[in-house]
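S.K.: Following this message is one structure expressed as structure tokens.
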Protein chains: 2
Amino acid sequence: MKVAFIGLGVMGYPMAGHLQRLGHEVCVYNRTTARAQSWVAEYDGSLALTPAEAAAAAEMVLLCVGNDEDVRAVVYGEQGVLAGMAAGSLLVDHTTTSALLAEELALRCAGQGVNFLDAPVSGGQAGAQKGTLSIMIGGEEAEVERARMVLGCYGLRITRVGHHGAGQRCKMVNQICIAGILQGLAEGFTLAKASGLDIQTVAGVLGGGAAQSWQLDNRATTMAAGEFDFGFAIEWMHKDLGFCLQEAERLGLTLPMTRDVDAHYQALMARGLGRCDTSVLIRQFD
Amino acid sequence: MKVAFIGLGVMGYPMAGHLQRLGHEVCVYNRTTARAQSWVAEYDGSLALTPAEAAAAAEMVLLCVGNDEDVRAVVYGEQGVLAGMAAGSLLVDHTTTSALLAEELALRCAGQGVNFLDAPVSGGQAGAQKGTLSIMIGGEEAEVERARMVLGCYGLRITRVGHHGAGQRCKMVNQICIAGILQGLAEGFTLAKASGLDIQTVAGVLGGGAAQSWQLDNRATTMAAGEFDFGFAIEWMHKDLGFCLQEAERLGLTLPMTRDVDAHYQALMARGLGRCDTSVLIRQFD
């Protein structure tokens with residue numbers, strides 16, 4: 001299928017690569033053209049100089065950029081993908097955005113007969129590289145089915161969770177759960193260290209019971225070693241928790257732990273740790 | 001081996017049963033004698049009317065009671081196990097207690113040549129029944145090895161984590177991690193419900209990624225259904241978090257999430273929910 005992929009960051013670059021490798025005809029656009037040229041050199045797809053140009057011949061346009069404003073910048077306007085998309089084509093946004101943007105995009109797309117899915121992913125850079133992402137989707141069931149074969153090139157679990165915006169709301173739940181898990185690990189391991197316990201030994205014991213988590217299994221070693229130079233950057237997590245708190249406020253909810261963890265992340269960013277993995281939360285106790 | 005088991009609650013009853021079933025000669029003591037009589041009728045061990053009497057012939061004495069005061073009540077005094085234990089025998093406390101009590105018991109035992117291990121467990125009632133508990137132990141390495149065959153009757157993972165008190169401190173880390181995980185689930189699922197998402201569907205998606213946890217895998221269904229009439233009661237969790245906060249204060253640490261979750265549990269107890277499973281934390285948002 002002819003597809004366009006907009007945004008070749010740490011996630012988008014390998015995702016677009018899987019598409020081309022598995023037989024789709026991929027035209028890419030990236031804000032920094034040099035990176036798009038590298039991608040073309042590696043995967044042998046084609047390159048466009050504007051989002052609209054990339055989208056022009058595509059049946060399906062996939063986005064994976066940074067934040068709400070980045071999405072608007074590549075979707076709207078004369079050079080945006082919507083200017084290039086034909087009626088009946090499908091726009092899929094893999095960016096983690098606000099739920100309101102997802103609803104706005106769905107409306108704007110519908111206005112010109114384009115279908116839309118909000119489809120944030122989890123699984124991180126490793127998941128994008130291995131093609132084992134979880135994709136949580138909001139939108140029409142028929143469009144999800146139509147997209148499934150394409151998304152399956154890099155997604156292992158592809159789940160429709162509801163109407164437009166539901167994909168983003170599901171991703172928020174994901175980030176809130178991670179915030180709680182990491183704050184628990186941060187406080188628990190801080191107590192462990194101060195008590196003279198060996199974190200690896202403790203993690204081994206806890207991993208067999210009701211305190212088990214993916215984060216415990218995958219982050220205890222690096223947290224014990226004080227290594228945070230990898231993974232999912234807290235400046236992205238802060239962006240995502242902002243969406244959670246915004247959505248909670250809109251719904252009249254107070255999420256105290258989410259709010260507090262976000263404040264801890266902001267304090268860590270102020271200390272210059274914004275690019276560190278989310279597990280750097282333990283350094284709130286330095 | 002001749003062993004004594006003190007405390008036949010929801011944990012101790014099946015644990016003592018495994019010992020007798022696997023060939024040890026178990027003498028039990030329980031504060032409510034009728035329950036000890038039921039145990040003897042079921043497993044065919046023997047019954048003592050005081051802790052000292054149960055301990056008199058035992059090479060190893062195992063405790064699993066409620067809190068620090070309950071432990072002191074069955075260990076000290078004329079009728080306590082220490083009055084009955086011979087020099088060279090071993091006392092193992094499976095109760096979750098303060099770390100200071102563990103250190104106190106180790107000293108008091110040493111005073112009469114008795115060895116001591118603090119050995120709290122995780123895995124809950126189901127783990128006790130299936131004999132698959134995780135046991136985290138503080139004390140001398142040689143004593144841990146001596147106890148291993150007996151503890152293996154109901155423990156799947158038996159790990160020495162350090163000196164006397166380290167078992168209790170490791171259990172604290174376990175409970176802090178669980179508190180964070182459950183607060184994340186409580187906030188995340190509250191947002192999900194308010195957004196009209198199906199919690200089971202969301203849990204299915206999240207279980208494949210970085211938000212995965214034992215609690216998500218095992219409590220999403222019951223949290224979605226509002227069922228909390230089982231599992232680990234929050235009044236016990238409140239007791240355990242109290243030990244964590246006490247230990248943190250002693251070490252000059254502030255554990256903000258642990259403190260907040262404990263406050264949420266206290267508020268839920270004030271609403272009469274003290275016997276509910278820890279996952280009832282989601283009802284803080286009712």
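In the structure tokens, chains take the letters A, B, ... in the order shown, each chain's residues start at 1, and ligands count up from 1 in the order shown.
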Which residues of chain A are close to chain B, meaning at most 8 Å apart when you count only C-alpha atoms, and how do they look as a PyMOL selection string?
M.R.: chain A and resi 122-123+134-136+157+159+161-162+166+169-170+172-185+187-189+191-192+194-195+197-198+201-202+205-206+208-215+248+251+253+255+257-258
S.K.: As a PyMOL selection string, please: every residue in segment 26-136 of chain B that DSSP puts in helix (DSSP H, G or I).
M.R.: chain B and resi 33-43+51-55+68-75+81-84+99-110+124-130
S.K.: Can you list, as a ChimeraX atom specification, every residue of segment 156-265 of chain A that DSSP puts in strand (DSSP E)?
M.R.: /A:156-162
S.K.: Please list as a PyMOL selection string every residue within 7 Å of segment 14-29 of chain B, counting only C-alpha atoms and excluding residues in the same chain fewer than 3 positions away.
M.R.: chain B and resi 1-7+11+36+43+45-51+54+128-129+153-154
S.K.: Could the residues in this selection be saved with N, CA, C and O atoms as a JSON list (two decimals), in the first residue's frame?
M.R.:
[["chain", "number", "residue", "atom", "x", "y", "z"],
["B", 1, "MET", "N", 11.44, -33.16, 61.64],
["B", 1, "MET", "CA", 11.92, -32.33, 62.75],
["B", 1, "MET", "C", 10.75, -31.93, 63.66],
["B", 1, "MET", "O", 9.64, -31.74, 63.19],
["B", 2, "LYS", "N", 11.04, -31.82, 64.95],
["B", 2, "LYS", "CA", 10.01, -31.33, 65.87],
["B", 2, "LYS", "C", 9.96, -29.80, 65.79],
["B", 2, "LYS", "O", 10.94, -29.13, 66.10],
["B", 3, "VAL", "N", 8.82, -29.28, 65.39],
["B", 3, "VAL", "CA", 8.66, -27.84, 65.30],
["B", 3, "VAL", "C", 7.40, -27.39, 66.03],
["B", 3, "VAL", "O", 6.46, -28.17, 66.21],
["B", 4, "ALA", "N", 7.42, -26.14, 66.44],
["B", 4, "ALA", "CA", 6.21, -25.53, 67.02],
["B", 4, "ALA", "C", 5.74, -24.44, 66.07],
["B", 4, "ALA", "O", 6.57, -23.73, 65.48],
["B", 5, "PHE", "N", 4.44, -24.30, 65.91],
["B", 5, "PHE", "CA", 3.89, -23.23, 65.08],
["B", 5, "PHE", "C", 2.90, -22.44, 65.92],
["B", 5, "PHE", "O", 1.90, -22.98, 66.40],
["B", 6, "ILE", "N", 3.18, -21.14, 66.08],
["B", 6, "ILE", "CA", 2.37, -20.28, 66.94],
["B", 6, "ILE", "C", 1.58, -19.31, 66.07],
["B", 6, "ILE", "O", 2.18, -18.48, 65.37],
["B", 7, "GLY", "N", 0.26, -19.42, 66.08],
["B", 7, "GLY", "CA", -0.57, -18.49, 65.31],
["B", 7, "GLY", "C", -1.17, -19.15, 64.09],
["B", 7, "GLY", "O", -0.49, -19.31, 63.08],
["B", 11, "MET", "N", -2.96, -17.14, 57.37],
["B", 11, "MET", "CA", -1.66, -17.53, 56.84],
["B", 11, "MET", "C", -1.13, -18.76, 57.59],
["B", 11, "MET", "O", -0.73, -19.76, 56.97],
["B", 36, "ALA", "N", -7.22, -24.06, 67.01],
["B", 36, "ALA", "CA", -6.12, -25.03, 67.10],
["B", 36, "ALA", "C", -6.68, -26.45, 67.09],
["B", 36, "ALA", "O", -6.09, -27.36, 66.48],
["B", 43, "TYR", "N", -5.16, -31.99, 60.51],
["B", 43, "TYR", "CA", -3.80, -32.40, 60.12],
["B", 43, "TYR", "C", -3.16, -33.44, 61.03],
["B", 43, "TYR", "O", -2.08, -33.94, 60.75],
["B", 45, "GLY", "N", -1.66, -33.13, 64.01],
["B", 45, "GLY", "CA", -0.49, -32.75, 64.80],
["B", 45, "GLY", "C", -0.87, -32.72, 66.27],
["B", 45, "GLY", "O", -1.89, -33.30, 66.66],
["B", 46, "SER", "N", -0.09, -32.02, 67.09],
["B", 46, "SER", "CA", -0.46, -31.94, 68.50],
["B", 46, "SER", "C", -0.71, -30.49, 68.90],
["B", 46, "SER", "O", -0.36, -29.56, 68.17],
["B", 47, "LEU", "N", -1.29, -30.31, 70.04],
["B", 47, "LEU", "CA", -1.77, -29.00, 70.49],
["B", 47, "LEU", "C", -1.19, -28.66, 71.85],
["B", 47, "LEU", "O", -1.10, -29.52, 72.73],
["B", 48, "ALA", "N", -0.79, -27.42, 72.03],
["B", 48, "ALA", "CA", -0.31, -26.97, 73.34],
["B", 48, "ALA", "C", -1.23, -25.86, 73.83],
["B", 48, "ALA", "O", -1.86, -25.17, 73.03],
["B", 49, "LEU", "N", -1.28, -25.69, 75.14],
["B", 49, "LEU", "CA", -2.18, -24.67, 75.69],
["B", 49, "LEU", "C", -1.47, -23.36, 76.00],
["B", 49, "LEU", "O", -2.13, -22.36, 76.29],
["B", 50, "THR", "N", -0.12, -23.37, 75.93],
["B", 50, "THR", "CA", 0.64, -22.11, 76.02],
["B", 50, "THR", "C", 1.76, -22.15, 74.97],
["B", 50, "THR", "O", 2.18, -23.24, 74.55],
["B", 51, "PRO", "N", 2.24, -20.97, 74.57],
["B", 51, "PRO", "CA", 3.38, -20.94, 73.63],
["B", 51, "PRO", "C", 4.59, -21.68, 74.21],
["B", 51, "PRO", "O", 5.27, -22.41, 73.48],
["B", 54, "ALA", "N", 4.24, -25.36, 73.72],
["B", 54, "ALA", "CA", 4.43, -25.76, 72.31],
["B", 54, "ALA", "C", 5.92, -25.79, 71.97],
["B", 54, "ALA", "O", 6.40, -26.67, 71.25],
["B", 128, "ALA", "N", 0.01, -18.93, 50.84],
["B", 128, "ALA", "CA", 0.13, -19.80, 52.02],
["B", 128, "ALA", "C", -0.54, -21.14, 51.74],
["B", 128, "ALA", "O", -0.03, -22.20, 52.09],
["B", 129, "GLN", "N", -1.71, -21.09, 51.10],
["B", 129, "GLN", "CA", -2.44, -22.33, 50.82],
["B", 129, "GLN", "C", -1.72, -23.20, 49.80],
["B", 129, "GLN", "O", -1.64, -24.42, 49.96],
["B", 153, "CYS", "N", 8.73, -25.97, 52.95],
["B", 153, "CYS", "CA", 7.42, -26.64, 52.94],
["B", 153, "CYS", "C", 6.31, -25.70, 52.48],
["B", 153, "CYS", "O", 5.29, -26.14, 51.97],
["B", 154, "TYR", "N", 6.49, -24.40, 52.68],
["B", 154, "TYR", "CA", 5.47, -23.44, 52.23],
["B", 154, "TYR", "C", 6.07, -22.24, 51.50],
["B", 154, "TYR", "O", 5.34, -21.35, 51.08]]
S.K.: If we count only C-alpha atoms and set the cut-off at 6 Å, which residues sit around Gly80 of chain A, ignoring sequence neighbours fewer than 4 positions away in its own chain? Please answer as a list in words.
M.R.: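 In the requested form, the answer reads Pro51, Ala52, Val74, Val75 and Tyr76 of chain A.
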S.K.: Atoms to include: N, CA, C and O atoms. Write the selected residues as a PDB file, in the first residue's frame.
M.R.:
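Output contents, as saved in out_16.pdb:
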ATOM      1  N   PRO A  51       4.820  17.918   4.274  1.00  0.00           N
ATOM      2  CA  PRO A  51       3.848  16.879   4.655  1.00  0.00           C
ATOM      3  C   PRO A  51       2.795  16.675   3.556  1.00  0.00           C
ATOM      4  O   PRO A  51       2.434  15.524   3.252  1.00  0.00           O
ATOM      5  N   ALA A  52       2.330  17.782   2.955  1.00  0.00           N
ATOM      6  CA  ALA A  52       1.296  17.663   1.913  1.00  0.00           C
ATOM      7  C   ALA A  52       1.781  16.816   0.741  1.00  0.00           C
ATOM      8  O   ALA A  52       1.045  15.968   0.222  1.00  0.00           O
ATOM      9  N   VAL A  74       2.091  19.841  11.188  1.00  0.00           N
ATOM     10  CA  VAL A  74       2.229  18.949  10.023  1.00  0.00           C
ATOM     11  C   VAL A  74       0.880  18.560   9.418  1.00  0.00           C
ATOM     12  O   VAL A  74       0.827  17.968   8.346  1.00  0.00           O
ATOM     13  N   VAL A  75      -0.222  18.878  10.121  1.00  0.00           N
ATOM     14  CA  VAL A  75      -1.541  18.492   9.603  1.00  0.00           C
ATOM     15  C   VAL A  75      -2.234  19.653   8.895  1.00  0.00           C
ATOM     16  O   VAL A  75      -2.805  19.492   7.827  1.00  0.00           O
ATOM     17  N   TYR A  76      -2.190  20.829   9.511  1.00  0.00           N
ATOM     18  CA  TYR A  76      -2.953  21.964   8.990  1.00  0.00           C
ATOM     19  C   TYR A  76      -2.124  22.838   8.034  1.00  0.00           C
ATOM     20  O   TYR A  76      -0.908  22.699   7.941  1.00  0.00           O
TER      21      TYR A  76
END
S.K.: Using only C-alpha atoms, pick whichever of B:Ala270, B:Cys276, B:Tyr265, B:Leu91 has the shortest atom-to-atom distance to Glu227 of chain B.
M.R.: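 Looking at the shortest contact to Glu227 of chain B, the residue is B:Cys276.
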S.K.: Counting only C-alpha atoms, what is within 6 Å of Asp93 of chain A, bar same-chain residues fewer than 4 positions away, as a PyMOL selection string?
M.R.: chain A and resi 62-63+118-119
S.K.: Hey, can you spit out that residue selection with all heavy atoms as a PDB file, in the first residue's frame?
M.R.:
ATOM      1  N   LEU A  62       0.564   8.294   8.272  1.00  0.00           N
ATOM      2  CA  LEU A  62       0.879   7.992   9.670  1.00  0.00           C
ATOM      3  C   LEU A  62       1.740   9.106  10.236  1.00  0.00           C
ATOM      4  O   LEU A  62       2.713   9.519   9.613  1.00  0.00           O
ATOM      5  CB  LEU A  62       1.634   6.658   9.733  1.00  0.00           C
ATOM      6  CG  LEU A  62       0.871   5.516   9.033  1.00  0.00           C
ATOM      7  CD1 LEU A  62       1.822   4.531   8.387  1.00  0.00           C
ATOM      8  CD2 LEU A  62      -0.085   4.838   9.997  1.00  0.00           C
ATOM      9  N   LEU A  63       1.382   9.572  11.447  1.00  0.00           N
ATOM     10  CA  LEU A  63       2.145  10.634  12.106  1.00  0.00           C
ATOM     11  C   LEU A  63       2.768  10.112  13.379  1.00  0.00           C
ATOM     12  O   LEU A  63       2.129   9.382  14.135  1.00  0.00           O
ATOM     13  CB  LEU A  63       1.237  11.776  12.566  1.00  0.00           C
ATOM     14  CG  LEU A  63       0.297  12.488  11.615  1.00  0.00           C
ATOM     15  CD1 LEU A  63      -0.410  13.616  12.401  1.00  0.00           C
ATOM     16  CD2 LEU A  63       1.078  13.042  10.454  1.00  0.00           C
ATOM     17  N   ASP A 118      -6.855   8.106  16.427  1.00  0.00           N
ATOM     18  CA  ASP A 118      -5.779   8.443  17.368  1.00  0.00           C
ATOM     19  C   ASP A 118      -5.231   7.124  17.876  1.00  0.00           C
ATOM     20  O   ASP A 118      -5.979   6.261  18.334  1.00  0.00           O
ATOM     21  CB  ASP A 118      -6.246   9.362  18.505  1.00  0.00           C
ATOM     22  CG  ASP A 118      -7.482   8.896  19.244  1.00  0.00           C
ATOM     23  OD1 ASP A 118      -8.555   8.792  18.600  1.00  0.00           O
ATOM     24  OD2 ASP A 118      -7.396   8.619  20.460  1.00  0.00           O
ATOM     25  N   ALA A 119      -3.916   6.947  17.762  1.00  0.00           N
ATOM     26  CA  ALA A 119      -3.329   5.629  17.960  1.00  0.00           C
ATOM     27  C   ALA A 119      -1.975   5.714  18.659  1.00  0.00           C
ATOM     28  O   ALA A 119      -0.954   5.275  18.128  1.00  0.00           O
ATOM     29  CB  ALA A 119      -3.179   4.940  16.604  1.00  0.00           C
TER      30      ALA A 119
END
S.K.: How many Å lie between atom CA of Gly138 of chain A and atom CA of Thr221 of chain B, rounded to one decimal?
M.R.: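 Atom CA of Thr221 of chain B lies 22.0 Å from atom CA of Gly138 of chain A.
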S.K.: List as a ChimeraX atom specification the protein and nucleic acid residues near Gly66 of chain B, meaning an atom at most 9 Å away when only C-alpha atoms are counted, but skip any in the same chain fewer than 4 places from it.
M.R.: /B:7,9,70-71,95-97,236
S.K.: Quick one: distance from atom CA of Leu90 of chain A to atom CA of Asn115 of chain A in Å, one decimal?
M.R.: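 Value for the atom CA of Leu90 of chain A-atom CA of Asn115 of chain A distance: 4.7 Å.
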S.K.: Any idea what the distance is between atom CA of Val81 of chain B and atom CA of Val61 of chain B?
M.R.: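 About the pair atom CA of Val81 of chain B and atom CA of Val61 of chain B: they are 7.8 Å apart.
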S.K.: Of the candidates B:Ile234, B:Leu241, B:Leu107, B:Val144, which shows the shortest atom-to-atom distance to Leu281 of chain B, using only C-alpha atoms?
M.R.: B:Ile234
